[in-house]
file start.txt (compact mmCIF, C-alpha atoms (C1' of nucleotides))
# COMPACT_ATOMS: atom_id res chain seq x y z
CA MET A 1 1.08 -24.22 -10.80
CA PRO A 2 -1.02 -21.29 -9.54
CA PHE A 3 0.50 -18.69 -7.26
CA THR A 4 -1.43 -15.71 -5.91
CA ILE A 5 -0.25 -12.71 -4.02
CA ALA A 6 -2.28 -9.92 -2.44
CA THR A 7 -1.28 -6.48 -1.16
CA TRP A 8 -3.42 -4.46 1.23
CA ASN A 9 -2.87 -1.32 3.30
CA ILE A 10 -4.89 -2.44 6.30
CA ASN A 11 -4.70 0.71 8.47
CA SER A 12 -4.28 -1.17 11.78
CA VAL A 13 -4.03 -4.95 11.53
CA ARG A 14 -5.31 -5.48 15.07
CA LEU A 15 -8.47 -3.44 14.53
CA ARG A 16 -9.18 -5.05 11.18
CA MET A 17 -8.22 -8.65 11.86
CA PRO A 18 -11.84 -9.83 11.39
CA LEU A 19 -11.85 -8.35 7.89
CA VAL A 20 -8.47 -9.91 7.13
CA GLU A 21 -9.75 -13.32 8.24
CA GLN A 22 -12.81 -12.94 6.04
CA PHE A 23 -10.61 -11.92 3.12
CA LEU A 24 -8.25 -14.88 3.59
CA GLU A 25 -11.13 -17.31 3.78
CA ARG A 26 -12.78 -15.97 0.63
CA TYR A 27 -9.74 -15.34 -1.54
CA SER A 28 -7.03 -17.52 0.04
CA PRO A 29 -4.01 -15.89 -1.62
CA ASP A 30 -0.74 -17.75 -1.17
CA VAL A 31 0.87 -14.59 0.16
CA LEU A 32 -0.57 -11.46 1.77
CA CYS A 33 1.49 -8.28 2.06
CA LEU A 34 0.14 -5.80 4.58
CA GLN A 35 1.04 -2.16 5.14
CA GLU A 36 0.20 0.22 7.99
CA THR A 37 -0.07 -2.61 10.49
CA LYS A 38 0.45 0.04 13.22
CA CYS A 39 1.74 -2.26 15.93
CA ALA A 40 4.98 -3.45 17.42
CA ASP A 41 6.03 -6.99 16.49
CA ASP A 42 5.04 -8.45 19.87
CA GLN A 43 1.49 -7.13 19.31
CA PHE A 44 1.12 -8.64 15.85
CA PRO A 45 -1.83 -11.09 15.70
CA ALA A 46 0.35 -14.00 14.61
CA ALA A 47 -1.82 -16.66 16.27
CA ALA A 48 -4.88 -15.60 14.28
CA PHE A 49 -2.91 -15.87 11.04
CA ARG A 50 -1.67 -19.33 11.98
CA LYS A 51 -5.22 -20.38 12.74
CA ALA A 52 -6.25 -19.16 9.29
CA GLY A 53 -3.64 -21.44 7.73
CA TYR A 54 -0.91 -18.85 7.28
CA GLU A 55 1.97 -20.19 9.28
CA HIS A 56 4.82 -18.31 7.70
CA MET A 57 5.32 -14.64 8.38
CA ALA A 58 7.88 -11.90 8.31
CA ILE A 59 6.94 -8.76 10.22
CA HIS A 60 8.54 -5.35 10.54
CA GLY A 61 6.38 -3.24 12.79
CA GLN A 62 6.65 -0.31 15.14
CA LYS A 63 4.36 1.15 17.77
CA GLY A 64 1.51 3.31 16.48
CA TYR A 65 2.66 4.10 12.96
CA HIS A 66 3.61 2.47 9.64
CA GLY A 67 4.61 -1.21 9.78
CA VAL A 68 4.65 -3.92 7.11
CA ALA A 69 4.12 -7.67 7.25
CA THR A 70 4.32 -10.48 4.73
CA ILE A 71 2.42 -13.65 5.60
CA ALA A 72 2.14 -16.85 3.61
CA ARG A 73 0.76 -20.35 3.42
CA ARG A 74 4.03 -21.40 1.80
CA PRO A 75 7.47 -21.30 3.36
CA LEU A 76 9.28 -18.00 3.25
CA LYS A 77 12.63 -16.71 4.39
CA LEU A 78 13.28 -13.25 5.68
CA VAL A 79 15.74 -11.47 3.42
CA GLU A 80 15.93 -7.92 4.77
CA LYS A 81 14.25 -5.21 6.78
CA ARG A 82 15.74 -2.21 5.04
CA GLU A 83 15.84 1.17 6.69
CA PHE A 84 15.30 4.15 4.40
CA CYS A 85 16.42 7.73 4.92
CA GLY A 86 17.94 6.87 8.29
CA MET A 87 14.54 7.50 9.87
CA GLY A 88 14.09 4.24 11.75
CA ASP A 89 10.61 3.83 10.17
CA SER A 90 9.23 0.34 9.47
CA ARG A 91 8.40 0.72 5.80
CA HIS A 92 10.00 -2.23 4.03
CA ILE A 93 10.46 -5.96 4.35
CA SER A 94 11.70 -8.44 1.77
CA VAL A 95 11.37 -12.21 1.77
CA SER A 96 12.13 -15.10 -0.48
CA VAL A 97 8.95 -17.14 -0.89
CA ASP A 98 8.38 -20.60 -2.29
CA ALA A 99 6.10 -20.04 -5.31
CA GLY A 100 5.86 -23.67 -6.34
CA ALA A 101 7.13 -25.22 -9.58
CA GLY A 102 10.65 -24.95 -8.22
CA ARG A 103 10.48 -21.19 -8.07
CA SER A 104 11.56 -19.00 -5.23
CA VAL A 105 10.45 -15.41 -5.70
CA LEU A 106 12.11 -12.41 -4.05
CA LEU A 107 9.29 -10.24 -2.72
CA HIS A 108 9.59 -6.62 -1.56
CA ASN A 109 6.76 -5.15 0.53
CA PHE A 110 6.76 -1.32 0.78
CA TYR A 111 4.95 1.45 2.57
CA VAL A 112 6.17 4.67 0.94
CA PRO A 113 5.74 7.88 2.99
CA ALA A 114 2.51 9.74 2.20
CA GLY A 115 4.33 13.08 2.00
CA GLY A 116 2.06 15.48 3.87
CA ASP A 117 -0.16 18.10 2.27
CA GLU A 118 2.20 20.67 0.74
CA PRO A 119 4.00 19.40 -2.40
CA ASP A 120 7.08 21.56 -1.86
CA PRO A 121 10.20 19.84 -0.49
CA ALA A 122 11.65 23.21 0.53
CA ILE A 123 8.93 23.91 3.08
CA ASN A 124 7.52 20.43 3.80
CA PRO A 125 9.94 17.91 5.34
CA LYS A 126 7.44 15.07 4.79
CA PHE A 127 7.43 15.70 1.07
CA ARG A 128 11.24 15.93 1.09
CA HIS A 129 11.27 12.57 2.88
CA LYS A 130 8.97 11.04 0.26
CA LEU A 131 11.23 12.17 -2.61
CA ASP A 132 14.34 10.99 -0.76
CA PHE A 133 12.69 7.64 -0.10
CA LEU A 134 11.94 7.20 -3.83
CA ALA A 135 15.53 8.09 -4.65
CA GLU A 136 16.77 5.38 -2.28
CA MET A 137 14.43 2.83 -3.88
CA HIS A 138 16.53 3.08 -7.06
CA ALA A 139 18.98 0.74 -5.34
CA LEU A 140 16.47 -2.11 -5.85
CA ARG A 141 16.42 -3.77 -9.25
CA ALA A 142 14.05 -6.26 -10.82
CA GLU A 143 16.60 -9.01 -11.08
CA GLU A 144 15.61 -12.32 -12.57
CA ASN A 145 17.67 -14.75 -10.49
CA GLY A 146 17.66 -17.68 -12.86
CA ASN A 147 14.20 -19.23 -13.16
CA SER A 148 12.67 -17.20 -10.36
CA GLY A 149 12.17 -13.45 -10.25
CA THR A 150 11.35 -10.40 -8.19
CA ILE A 151 8.03 -8.88 -7.16
CA LEU A 152 7.58 -5.47 -5.54
CA VAL A 153 4.25 -4.60 -3.96
CA GLY A 154 2.79 -2.10 -1.58
CA ASP A 155 1.28 1.25 -0.86
CA LEU A 156 3.56 3.47 -2.94
CA ASN A 157 1.37 6.51 -2.21
CA ILE A 158 1.67 7.74 -5.80
CA ALA A 159 -0.89 7.47 -8.61
CA PRO A 160 1.34 7.66 -11.70
CA LEU A 161 -1.06 7.70 -14.69
CA GLU A 162 -3.78 10.21 -15.55
CA THR A 163 -6.28 7.37 -15.24
CA ASP A 164 -4.98 6.47 -11.78
CA VAL A 165 -6.93 9.39 -10.29
CA TRP A 166 -10.52 10.58 -10.53
CA SER A 167 -9.42 13.91 -12.03
CA HIS A 168 -5.95 14.39 -13.44
CA LYS A 169 -6.33 18.17 -13.73
CA GLN A 170 -7.72 18.67 -10.26
CA LEU A 171 -5.01 16.57 -8.64
CA LEU A 172 -1.93 17.93 -10.41
CA LYS A 173 -0.99 19.94 -7.32
CA VAL A 174 -2.19 17.37 -4.82
CA VAL A 175 0.42 15.18 -3.14
CA SER A 176 0.33 11.68 -4.73
CA HIS A 177 -0.22 12.99 -8.28
CA THR A 178 2.21 15.90 -8.72
CA PRO A 179 4.57 15.63 -11.72
CA VAL A 180 7.67 15.25 -9.55
CA GLU A 181 6.06 12.18 -7.98
CA THR A 182 4.39 10.62 -11.02
CA GLU A 183 7.44 11.12 -13.23
CA GLY A 184 9.70 10.02 -10.40
CA LEU A 185 7.77 6.80 -9.87
CA GLU A 186 7.69 6.02 -13.60
CA ARG A 187 11.43 6.64 -13.83
CA LEU A 188 12.04 4.43 -10.82
CA ARG A 189 9.98 1.67 -12.43
CA ARG A 190 11.69 1.93 -15.82
CA GLU A 191 15.23 2.23 -14.48
CA GLY A 192 14.68 -0.62 -12.03
CA GLY A 193 13.44 -2.79 -14.87
CA TRP A 194 9.99 -3.32 -13.33
CA VAL A 195 6.72 -4.19 -15.06
CA ASP A 196 3.50 -2.56 -13.75
CA LEU A 197 1.42 -5.74 -13.55
CA MET A 198 -1.91 -3.99 -12.87
CA ARG A 199 -1.53 -2.13 -16.15
CA GLU A 200 -0.66 -5.35 -17.97
CA LYS A 201 -4.26 -6.47 -17.40
CA ILE A 202 -6.12 -3.17 -17.10
CA PRO A 203 -5.57 -0.88 -20.10
CA PRO A 204 -4.09 2.56 -19.30
CA GLU A 205 -7.21 4.21 -20.74
CA GLU A 206 -9.30 2.66 -18.01
CA LYS A 207 -9.59 4.34 -14.61
CA ILE A 208 -8.61 2.14 -11.70
CA PHE A 209 -8.47 3.06 -8.02
CA THR A 210 -7.32 1.26 -4.87
CA TRP A 211 -7.93 4.01 -2.30
CA TRP A 212 -10.85 6.29 -1.44
CA SER A 213 -10.65 8.95 1.28
CA TYR A 214 -12.48 8.43 4.56
CA ARG A 215 -13.59 12.05 4.32
CA ALA A 216 -15.99 11.67 1.42
CA LYS A 217 -19.67 11.70 2.34
CA ASP A 218 -20.30 8.78 -0.02
CA TRP A 219 -17.08 7.24 -1.35
CA ALA A 220 -18.83 5.04 -3.93
CA LEU A 221 -21.11 7.77 -5.28
CA SER A 222 -18.43 10.45 -5.64
CA ASP A 223 -15.85 7.78 -6.58
CA ARG A 224 -12.95 10.16 -6.06
CA GLY A 225 -10.33 7.44 -5.81
CA ARG A 226 -6.68 7.02 -6.59
CA ARG A 227 -4.46 4.04 -7.52
CA LEU A 228 -1.89 4.22 -4.73
CA ASP A 229 -1.25 0.48 -4.36
CA HIS A 230 0.88 -1.37 -6.88
CA ILE A 231 2.22 -4.75 -7.94
CA TRP A 232 5.39 -4.75 -10.00
CA SER A 233 7.54 -7.63 -11.16
CA SER A 234 10.66 -8.45 -13.08
CA PRO A 235 9.96 -8.96 -16.82
CA ASN A 236 10.43 -12.75 -16.66
CA LEU A 237 7.35 -13.15 -14.43
CA SER A 238 4.86 -11.05 -16.41
CA PRO A 239 4.15 -13.72 -19.07
CA SER A 240 2.90 -15.97 -16.24
CA LEU A 241 0.47 -13.35 -14.91
CA ASN A 242 -3.06 -14.57 -15.50
CA ARG A 243 -5.17 -12.35 -13.26
CA ILE A 244 -5.31 -8.97 -11.58
CA GLU A 245 -8.18 -8.24 -9.24
CA VAL A 246 -8.85 -4.99 -7.40
CA LEU A 247 -11.30 -5.73 -4.61
CA ARG A 248 -13.36 -2.55 -4.78
CA GLU A 249 -16.14 -4.11 -2.69
CA ALA A 250 -13.78 -4.25 0.31
CA ARG A 251 -14.08 -0.46 0.63
CA GLY A 252 -17.75 -1.03 1.47
CA TRP A 253 -17.16 -3.61 4.20
CA ASP A 254 -17.99 -2.78 7.80
CA ARG A 255 -15.34 -0.45 9.30
CA PRO A 256 -13.12 -0.73 6.22
CA SER A 257 -9.57 0.30 5.51
CA ASP A 258 -9.39 3.25 3.12
CA HIS A 259 -7.39 0.97 0.78
CA VAL A 260 -8.65 -2.22 -0.87
CA PRO A 261 -6.72 -5.43 -1.61
CA VAL A 262 -5.10 -5.96 -4.99
CA ILE A 263 -4.51 -9.57 -6.04
CA ALA A 264 -2.17 -10.90 -8.72
CA GLY A 265 -2.47 -14.47 -9.94
CA PHE A 266 0.32 -16.30 -11.76
CA ASP A 267 0.38 -19.62 -13.49
CA PHE A 268 3.85 -21.08 -13.45
CA GLY A 269 3.83 -23.91 -15.99
C1' DA B 1 -12.78 28.19 0.51
C1' DT B 2 -12.64 25.05 4.11
C1' DG B 3 -13.34 20.88 6.42
C1' DG B 4 -14.47 16.71 6.08
C1' DT B 5 -12.90 10.96 8.79
C1' DA B 6 -10.10 7.37 10.73
C1' DG B 7 -6.16 5.38 13.17
C1' DT B 8 -2.92 5.30 17.69
C1' DC B 9 -3.25 6.37 22.42
C1' DG B 10 -4.88 9.10 25.70
C1' DA B 11 -2.53 15.11 23.35
C1' DA B 12 -1.14 15.38 19.16
C1' DC B 13 0.34 13.21 15.61
C1' DT B 14 -0.27 10.77 10.86
C1' DA B 15 -2.81 9.68 6.87

call {"tool": "encode", "arguments": {"input": "start.txt", "output": "structure tokens"}}
result
Amino acid sequence: MPFTIATWNINSVRLRMPLVEQFLERYSPDVLCLQETKCADDQFPAAAFRKAGYEHMAIHGQKGYHGVATIARRPLKLVEKREFCGMGDSRHISVSVDAGAGRSVLLHNFYVPAGGDEPDPAINPKFRHKLDFLAEMHALRAEENGNSGTILVGDLNIAPLETDVWSHKQLLKVVSHTPVETEGLERLRREGGWVDLMREKIPPEEKIFTWWSYRAKDWALSDRGRRLDHIWSSPNLSPSLNRIEVLREARGWDRPSDHVPVIAGFDFG
DNA sequence: ATGGTAGTCGAACTA
């Protein structure tokens, strides 16, 4: 039984709803996890999602900033909207989603703080917040729950491998690729028992990006991207992974998000 | 070496 899940930092779901509709029509994932929805829950375009065939949704938004939402064609149950660092930010939501074949997958959707410009927690509270947030994420484990499992997706705002950025050397002191972040994220992944599903299908020698700055004159030509968006799972699910797709073309759509969708496809026998 | 763009919401904040 096929099961597909997509994650996409949409940078305003209301502004980009036409792109989301186009994406859903073309790729029809079973589940779509959005980050940076940037609207309060009563402003969320739920009717448009229903019209597109996605009747099940769990949303955790706030006015103007951040915000995550998990929407699905299959039934889901809200598990938790967890608050991190006592900040009151909407940066996490977890659901239990029917993945077919008698499976019910626990799915975490995250928007990790970007961390500001200065990679020094002593002088930059945003960077301190990012490190504290990662530390709190250690509470989540990739538990297997019998025949189902756990998936963690989202904009983690860290590019952990050298090949996750356009230039490892030039980004070593740039927030998202500093050693305290890259080593911290890898430690979080290992200690939590997570598998990096994108790197199961795309060898670590190969560069792969999911985000390109709006500030580049020509994002595709300079290709100065980073892999900030991730799909992790518990080890029991990785043998069923049959596809990873990074939708690079979405960065070239009209009025795009600066992130592109990442899709994981499973085949649960 | 700096500034470059895109959101929200109507100035200044975040990314």

call {"tool": "closest_atom_pairs", "arguments": {"input": "start.txt", "of": "chain A", "to": "chain B", "cutoff": "8 Å", "atoms": "only C-alpha atoms (C1' of nucleotides)", "output": "CSV"}}
result
residue,atom,partner,partner_atom,distance
A:Asn11,CA,B:DG7,C1',6.8
A:Ser12,CA,B:DG7,C1',7.0
A:Lys38,CA,B:DT8,C1',7.7
A:Gly64,CA,B:DT8,C1',5.0
A:Tyr65,CA,B:DT8,C1',7.4
A:Ala114,CA,B:DA15,C1',7.1
A:Tyr214,CA,B:DT5,C1',4.9
A:Arg215,CA,B:DT5,C1',4.7
A:Ala216,CA,B:DG4,C1',7.0

call {"tool": "atom_distance", "arguments": {"input": "start.txt", "atom1": "CA of Phe127 (chain A)", "atom2": "CA of Pro256 (chain A)"}}
result
26.8 Å

call {"tool": "residues_around", "arguments": {"input": "start.txt", "residues": "Val31 (chain A)", "least_positions_apart": "4", "cutoff": "10 Å", "atoms": "all atoms listed in the file", "output": "list of chain:residue names"}}
result
A:Phe3, A:Thr4, A:Ile5, A:Ala6, A:Thr7, A:Leu24, A:Tyr54, A:His56, A:Met57, A:Thr70, A:Ile71, A:Ala72, A:Arg73, A:Arg74, A:Pro75, A:Leu76, A:Val97, A:Asp98, A:Ala99, A:Leu107, A:Ile263

call {"tool": "closest_residue", "arguments": {"input": "start.txt", "among": "A:Lys207, A:Arg248, A:Lys130, A:Arg14", "to": "Val180 (chain A)", "atoms": "all atoms listed in the file"}}
result
A:Lys130

call {"tool": "atom_distance", "arguments": {"input": "start.txt", "atom1": "CA of Leu78 (chain A)", "atom2": "CA of Gly61 (chain A)"}}
result
14.1 Å

call {"tool": "axis_aligned_box", "arguments": {"input": "start.txt", "around": "region 8-15 of chain B", "padding_each_side": "4 Å", "output": "JSON"}}
result
{"center_x": -2.3, "center_y": 10.3, "center_z": 16.3, "size_x": 13.2, "size_y": 18.1, "size_z": 26.8}

call {"tool": "closest_residue", "arguments": {"input": "start.txt", "among": "A:His259, A:Met17, A:Cys85, A:Leu237", "to": "Trp219 (chain A)", "atoms": "all atoms listed in the file"}}
result
A:His259

call {"tool": "residues_around", "arguments": {"input": "start.txt", "residues": "Glu249 (chain A)", "least_positions_apart": "4", "cutoff": "12 Å", "atoms": "all atoms listed in the file", "output": "PDB file with C-alpha atoms, in the frame of the given file"}}
result
ATOM      1  CA  PHE A  23     -10.610 -11.920   3.120  1.00  0.00           C
ATOM      2  CA  PHE A 209      -8.470   3.060  -8.020  1.00  0.00           C
ATOM      3  CA  THR A 210      -7.320   1.260  -4.870  1.00  0.00           C
ATOM      4  CA  TRP A 211      -7.930   4.010  -2.300  1.00  0.00           C
ATOM      5  CA  TRP A 212     -10.850   6.290  -1.440  1.00  0.00           C
ATOM      6  CA  TRP A 219     -17.080   7.240  -1.350  1.00  0.00           C
ATOM      7  CA  ALA A 220     -18.830   5.040  -3.930  1.00  0.00           C
ATOM      8  CA  GLU A 245      -8.180  -8.240  -9.240  1.00  0.00           C
ATOM      9  CA  TRP A 253     -17.160  -3.610   4.200  1.00  0.00           C
ATOM     10  CA  ASP A 254     -17.990  -2.780   7.800  1.00  0.00           C
ATOM     11  CA  PRO A 256     -13.120  -0.730   6.220  1.00  0.00           C
ATOM     12  CA  SER A 257      -9.570   0.300   5.510  1.00  0.00           C
ATOM     13  CA  ASP A 258      -9.390   3.250   3.120  1.00  0.00           C
ATOM     14  CA  HIS A 259      -7.390   0.970   0.780  1.00  0.00           C
ATOM     15  CA  VAL A 260      -8.650  -2.220  -0.870  1.00  0.00           C
ATOM     16  CA  PRO A 261      -6.720  -5.430  -1.610  1.00  0.00           C
ATOM     17  CA  VAL A 262      -5.100  -5.960  -4.990  1.00  0.00           C
TER      18      VAL A 262
END

call {"tool": "closest_residue", "arguments": {"input": "start.txt", "among": "A:Arg224, A:Met137, A:Asp164, A:Asp229", "to": "Arg187 (chain A)", "atoms": "only C-alpha atoms"}}
result
A:Met137

call {"tool": "atom_distance", "arguments": {"input": "start.txt", "atom1": "CA of Thr37 (chain A)", "atom2": "CA of Trp232 (chain A)"}}
result
21.3 Å

call {"tool": "residues_around", "arguments": {"input": "start.txt", "residues": "Ala135 (chain A)", "least_positions_apart": "6", "cutoff": "10 Å", "atoms": "only C-alpha atoms (C1' of nucleotides)", "output": "PyMOL selection string"}}
result
chain A and resi 84-85+129+184-185+188
